[in-house]
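S.K.: For reference, the structure I am asking about is given below.
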Amino acid sequence: MRVFANPVGSGTLWFDNLSTADGTPVAYDPQARAFLPMPPFCANRSVIGCNWIAPEQGAFCRACAMTALAPDPSIDNAILNWAKTEAAKRWAIDNLGRWHWFRPEDPGARPVFHMLAEGPTPVPMGHAQGVVTISVAEADPVLRTTRREALEEPYRTMIGHMRHEIAHMLWWRLSLREDFLDAFREMFGDERISYPDALQHHYQNGPPQDWRNYYLTSYASAHPHEDWAETAAHLLHLTDLTDSFVASGLTSPELPSPGWDPYSETDAQRLIHIAASIAVGVNHVNRSMGLSDLYPFVLSSYARHKLAFVHGWLRRGAQGL
Ligand SMILES: [Zn+2]
Ligand SMILES: [Zn+2]
């Protein structure tokens with residue numbers, strides 16, 4: 001994620017800021033990728049702290065307009081959790097916009113979000129025919145950590161959920177074009193095998209012993225759809241952590257040149273190599289604060305191959321190229 005200029009003074013603004021350091025209200029314009037000091041602000045600004053601009057007074061911003069179902073406000077913490085969930089969504093949507101997804105130049109469908117609070121029974125997250133369902137309850141750190149531990153996952157965040165579920169939607173978008181499916185099946189396997197059977201097998205028997213040689217996560221080994229979604233989410237993780245590193249003014253001998261833009265890089269293997277080296281370094285930085293690793297994953301050569309495949313399609317796909 002980039003770091004932004006303050007439109008009314010000196011200093012910088014971060015993507016989630018609602019105001020400048022001296023208190024002037026500002027809003028993010030996703031089309032210009034810049035902050036503005038004047039309305040129209042998103043109609044959700046006072047409800048969930050959305051900091052994007054709206055096309056007109058009283059309207060929703062581009063991201064909030066994708067939410068067709070908001071959580072039941074009578075459920076405990078639903079609005080607070082929804083606010084955190086929408087913040088993760090805006091981040092993921094803006095990242096994808098760097099590759100033209102869901103911007104005016106993209107002629108395809110936008111994702112439709114169902115943001116659901118949880119009562120006593122968990123809400124399964126998922127995607128079907130362009131509709132992305134997200135459990136906002138997982139914005140609660142205790143619940144999310146409990147599930148992460150139960151599933152023995154090294155990493156579980158709302159931005160990770162967003163990238164994973166939107167990745168399923170992107171697969172669906174890409175599957176509408178003729179040249180994608182054959183290439184996909186050659187790389188990831190045939191996604192027409194039974195999804196419920198594959199998932200049941202995964203949860204009963206666990207992943208294959210050697211999954212680390214072929215998959216980024218054990219869950220990715222469950223079914224080609226999940227391998228795609230995990231791989232696409234990781235491509236977004238890697239590209240964006242590199243973008244944030246560069247935008248913050250940090251440097252590394254691996255970086256090609258000042259001003260290098262990871263989202264414009266055409267050479268996927270180069271991008272993955274640089275991202276991996278930054279991840280290793282920042283993992284070490286995090287340990288100095290007793291925090292968990294920024295990127296607790298190892299990239300096998302197989303995984304790098306699949307990441308490069310996804311990179312090619314996500315860079316071109318929104319433009320029909
Ligand atoms: Zn909004
Ligand atoms: Zn999935």
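Every chain in the structure tokens takes a letter, A first, then B, and so on in the order presented; its residues are numbered from 1, and the ligands are numbered from 1 following the presented order.
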List every residue of stretch 115-150 of chain A that DSSP, applied to the backbone, labels as strand (DSSP E), and write the result as number ranges by chain.
M.R.: A: 115-116, 126-128, 131-135
S.K.: Can you work out which residues are within 12 Å of ligand 2, considering only C-alpha atoms and all ligand atoms, and then hand them over as a PyMOL selection string?
M.R.: chain A and resi 124-128+132-134+160-171+195+199+217+219-233
S.K.: Check every protein, DNA and RNA residue against ligand 1, keep those with an atom at most 7 Å away (counting only C-alpha atoms and all ligand atoms), and present them as an mmCIF file with N, CA and C atoms, in the first residue's frame.
M.R.:
```cif
data_model
loop_
_atom_site.group_PDB
_atom_site.id
_atom_site.type_symbol
_atom_site.label_atom_id
_atom_site.label_comp_id
_atom_site.auth_asym_id
_atom_site.auth_seq_id
_atom_site.Cartn_x
_atom_site.Cartn_y
_atom_site.Cartn_z
ATOM 1 N N CYS A 42 -18.364 9.224 2.063
ATOM 2 C CA CYS A 42 -19.198 8.013 2.031
ATOM 3 C C CYS A 42 -20.276 8.065 3.119
ATOM 4 N N ALA A 43 -21.470 7.613 2.780
ATOM 5 C CA ALA A 43 -22.585 7.615 3.737
ATOM 6 C C ALA A 43 -22.300 6.727 4.942
ATOM 7 N N ASN A 44 -21.353 5.815 4.816
ATOM 8 C CA ASN A 44 -20.997 4.953 5.949
ATOM 9 C C ASN A 44 -19.931 5.573 6.857
ATOM 10 N N ARG A 45 -19.522 6.788 6.556
ATOM 11 C CA ARG A 45 -18.420 7.388 7.336
ATOM 12 C C ARG A 45 -18.744 7.447 8.831
ATOM 13 N N CYS A 50 -15.864 4.602 7.454
ATOM 14 C CA CYS A 50 -15.328 4.479 6.093
ATOM 15 C C CYS A 50 -14.754 5.831 5.675
ATOM 16 N N ASN A 51 -13.540 5.847 5.146
ATOM 17 C CA ASN A 51 -12.872 7.123 4.825
ATOM 18 C C ASN A 51 -12.784 7.376 3.323
ATOM 19 N N TRP A 52 -13.632 6.716 2.534
ATOM 20 C CA TRP A 52 -13.584 6.944 1.083
ATOM 21 C C TRP A 52 -14.571 8.029 0.671
ATOM 22 N N PHE A 60 -23.043 5.891 -1.072
ATOM 23 C CA PHE A 60 -21.945 5.066 -0.592
ATOM 24 C C PHE A 60 -20.736 5.212 -1.511
ATOM 25 N N CYS A 61 -19.565 4.940 -0.945
ATOM 26 C CA CYS A 61 -18.348 4.905 -1.756
ATOM 27 C C CYS A 61 -18.359 3.646 -2.622
ATOM 28 N N ARG A 62 -17.369 3.557 -3.476
ATOM 29 C CA ARG A 62 -17.247 2.432 -4.400
ATOM 30 C C ARG A 62 -17.174 1.092 -3.641
ATOM 31 N N ALA A 63 -16.489 1.071 -2.519
ATOM 32 C CA ALA A 63 -16.335 -0.190 -1.776
ATOM 33 C C ALA A 63 -17.607 -0.531 -1.007
ATOM 34 N N CYS A 64 -18.164 0.439 -0.291
ATOM 35 C CA CYS A 64 -19.379 0.162 0.489
ATOM 36 C C CYS A 64 -20.550 -0.195 -0.422
#
```
S.K.: Near A:Leu69, within 8 Å and counting only C-alpha atoms, which residues show up once chain neighbours fewer than 6 positions away are dropped, as a ChimeraX atom specification?
M.R.: /A:113-116
S.K.: Those same residues - C-alpha atoms - I'd like them written as a PDB file, in the first residue's frame.
M.R.:
```
ATOM      1  CA  PHE A 113     -20.588  -8.829  -0.382  1.00  0.00           C
ATOM      2  CA  HIS A 114     -22.767 -10.395   2.271  1.00  0.00           C
ATOM      3  CA  MET A 115     -21.317  -9.252   5.595  1.00  0.00           C
ATOM      4  CA  LEU A 116     -22.885 -11.427   8.273  1.00  0.00           C
TER       5      LEU A 116
END
```
S.K.: Could you tell me how far atom CA of A:Trp91 lies from atom CA of A:Pro40, in Å and to one decimal?
M.R.: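 It comes out at 20.3 Å.
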S.K.: What lies within 10 Å of A:Arg270 using only C-alpha atoms, ignoring chain neighbours under 3 positions off, as a PyMOL selection string?
M.R.: chain A and resi 254-256+262+265-267+273-276+308
S.K.: For atom CA of A:Pro111 and atom CA of A:Asp16, quote the distance in Å rounded to one decimal.
M.R.: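 Separating atom CA of A:Pro111 from atom CA of A:Asp16 is a distance of 21.5 Å.
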